[in-house]
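Novice: The structure is given below, and queries will be raised subsequently.
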Amino acid sequence: MPFYFTVGLVLAIPGPSLEAVRADLNLSYVLVVLTLIVPATSYATGTIVGGLVADRLGRRFTLTTGVTLFAIGLLTSGFAPALDVLLLGACLNGFGFGLTEAPLMATISDVAGEATGRAMTISQMPFGFGALTAPPLVGALLQTPIGWRGGYLTAALLVMLTSIMLLSARIPAASELRAKGGALVSAVLRPVPILLGCVVVGYFSMQLGLGGFLAAYLEAEHGLTRSLAATLVAAFWFGISLGRIIGAWLALRVQAYSLALGSLGLSLLCAVVVVGVPQPAAILAAASLAGLVAGPLFTTVVGIGVRYRPSASGMIAGFMLAMGGAGFAGLSLAAGAVADALSVRAAVAAMPVTLGIAFLLLLLARRLHAAELRY
C-alpha cells in the first residue's frame, strides 16, 4: 500500500507539470506530450517483459530490477536540463514501473485467489491519495526556483523508501502449476483478455483527460493561473481516492462484471459533463465525481483478467497493462496534435468517445466469458 501511494504521486506529476514543462523548454503540445507518451510506451514494454519473466523465473528478481530502474528514471528526470534527458528518465521510470507492476499484480492474485479484484482495490487505495498529493505539490513547487523538477526528485526519494518496504515483504514463490512457453501466449491471445485490455485503454483515456490535460484545459480555456490550475487537478484524484475505498466495500456485494460496467457507465456520463459545461466549478465537480465512480474500475477489470487463467496470471496482467500503456501513448499523441491544431478542449473531448467504446467492449467481454464458463 505505501508503494502504491508513491505510484499515484508519480503518475499524477506529469499532468500538472505539462504547461510548465512546455513553457520552460519552449515546446509545442505535440512535443510536450512526449513526457506522457514515452513513459506509457516503455511501461507497456516493461509489463510484457515483467509478466513473462515473473512467470518463468520468479517474482523477487523482477521486482528488484523494476523498482531500481523506476527510481533511477525519476532521478534522471529530476535533474534533466533539456527534453532529451527528461525523456530518457521517463523511459527508464516507465519501463521500471511496468517491470514491477505485472509481477506485483500476479503475486496479489496468487495470494488472494477469487478475491483478487477486491485485494487489488485495497492494495491500491493509497494510489488516489498519492495522486491527490501531486497537484498541490507541483503547484507549490512551480512558485519556487526548483520548479517542476522538484516533483520528480520528491517522487524518486519516496520510490526508494517504499521499495525497501515492498522488497522486505514475504513474496510467495510461483506455483509449480504455472503455464509455460506457448501456453502463456495462448492464454493472453484469447478474446476475453484482449477485450479487457481494451477496457483498460478506456480507463487510461480518462486518466489522460482528467489527470493529464485538465490543468492545461483550465488554464487555456478558462483563464486560471498555472499554479492554481495544476493544484485543482487534485479534484479528480480526490474522487479516485474515495472511489477505491467504496470499491473495496462494493466488491463483497456486487459481481465483478456488474461493478465494472456500472463504474464505466457512470464515468462516461461524468466525462460528457466535463467536456460539455462551460463553468470551471462544474468541470471540477464532474471531474471529482468521475474519479469517484471510476475508482474500482481499473482494479476490478485487471482482477477479472488475471483470474481468467490463474496459471498465466503474470503474463495476462502484463499483456493487459501493456495494452493500456500503448493505448495511453497513442491517445496522448493524438491529443497533443488535436490541441495544437484545434484546442485543448477538443483534445479532452476524445475522452468520452473512448469510454463509450470501452463500455461496449466490456459488455462483449462479459458475454464471451459467461459463454466460456458454460461450456
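Ordering of the C-alpha cells sets the chain letters (A, B, ...), residue numbers begin anew at 1 in every chain, and ligands are numbered from 1 in the order given.
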Report as a PyMOL selection string all protein, DNA and RNA residues lying within 7 Å of A:Pro126, evaluated on only C-alpha atoms, omitting residues in the same chain fewer than 4 positions from it.
Specialist: chain A and resi 1-2+4-5+130+241
Novice: Write out as a ChimeraX atom specification the residues lying within 9 Å of stretch 297-312 of chain A, counting only C-alpha atoms and excluding same-chain residues fewer than 2 positions away.
Specialist: /A:51-52,55,105-106,109-110,113-121,124,175,177-180,183-185,187-188,192-193,196-197,199-200,203-204,244,247,251,256-257,259-264,293-295,314-317,320-321,369
Novice: Between A:Ile37, A:Ala349, A:Leu18, A:Ala282, single out the one closest to A:Ser332, counting only C-alpha atoms.
Specialist: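 Going through A:Ile37, A:Ala349, A:Leu18, A:Ala282 one by one, the smallest distance to A:Ser332 is for A:Ile37.
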Novice: What lies within 8 Å of A:Leu92 using only C-alpha atoms, ignoring chain neighbours under 2 positions off, as a ChimeraX atom specification?
Specialist: /A:39,42,69-70,72-74,88-90,94-96
Novice: Just C-alpha atoms for this one: save the residues we selected as an mmCIF file, in the first residue's frame.
Specialist:
```cif
data_model
loop_
_atom_site.group_PDB
_atom_site.id
_atom_site.type_symbol
_atom_site.label_atom_id
_atom_site.label_comp_id
_atom_site.auth_asym_id
_atom_site.auth_seq_id
_atom_site.Cartn_x
_atom_site.Cartn_y
_atom_site.Cartn_z
ATOM 1 C CA PRO A 39 6.746 6.528 -20.100
ATOM 2 C CA SER A 42 8.135 1.968 -22.020
ATOM 3 C CA LEU A 69 15.057 1.330 -12.760
ATOM 4 C CA PHE A 70 11.954 3.170 -11.530
ATOM 5 C CA ILE A 72 16.890 5.878 -11.485
ATOM 6 C CA GLY A 73 14.464 7.159 -14.111
ATOM 7 C CA LEU A 74 12.824 9.614 -11.712
ATOM 8 C CA LEU A 88 15.420 9.307 -21.052
ATOM 9 C CA GLY A 89 14.340 9.470 -17.431
ATOM 10 C CA ALA A 90 10.708 8.961 -18.438
ATOM 11 C CA GLY A 94 8.116 3.801 -17.215
ATOM 12 C CA PHE A 95 9.920 0.559 -18.007
ATOM 13 C CA GLY A 96 10.873 0.064 -14.359
#
```
Novice: Atom CA of A:Gln279 and atom CA of A:Ala235 are how many Å apart?
Specialist: 14.8 Å
Novice: Find the spatial neighbours of A:Leu132, counting only C-alpha atoms, within a cut-off of 10 Å - ignore same-chain residues fewer than 5 positions away - and output them as an MDAnalysis selection string.
Specialist: chainID A and resid 5 8:9 12:13 126:127 137 231:241
Novice: DSSP on the backbone: which residues in stretch 144-341 of chain A end up as helix (DSSP H, G or I)? Give the answer as JSON, numbers by chain.
Specialist: {"A": [149, 150, 151, 152, 153, 154, 155, 156, 157, 158, 159, 160, 161, 162, 163, 164, 165, 166, 167, 168, 182, 183, 184, 185, 186, 187, 188, 191, 192, 193, 194, 195, 196, 197, 198, 199, 200, 201, 202, 203, 204, 205, 206, 207, 208, 209, 210, 211, 212, 214, 215, 216, 217, 218, 219, 220, 221, 222, 226, 227, 228, 229, 230, 231, 232, 234, 235, 236, 237, 238, 239, 240, 241, 242, 243, 244, 245, 246, 247, 248, 249, 250, 256, 257, 258, 259, 260, 261, 262, 263, 264, 265, 266, 267, 268, 269, 270, 271, 272, 273, 274, 275, 276, 280, 281, 282, 283, 284, 285, 286, 287, 288, 289, 290, 291, 292, 293, 294, 297, 298, 299, 300, 301, 302, 303, 304, 305, 306, 307, 308, 310, 311, 312, 313, 314, 315, 316, 317, 318, 319, 320, 321, 322, 323, 324, 325, 326, 327, 328, 329, 330, 331, 332, 333, 334, 335, 336, 337, 338, 339, 340, 341]}
Novice: Could you tell me how far atom CA of A:Ala156 lies from atom CA of A:Gly330, in Å and to one decimal?
Specialist: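 For atom CA of A:Ala156 relative to atom CA of A:Gly330, the distance reads 26.3 Å.
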Novice: Between atom CA of A:Ala82 and atom CA of A:Gly151, what is the distance in Å, rounded to a tenth?
Specialist: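 These atoms are spaced 16.1 Å apart.
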Novice: So which one's closest to A:Val348, A:Tyr29, A:Phe213, A:Phe129, A:Phe79? Using only C-alpha atoms, please.
Specialist: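 The closest residue to A:Val348 is A:Phe213.
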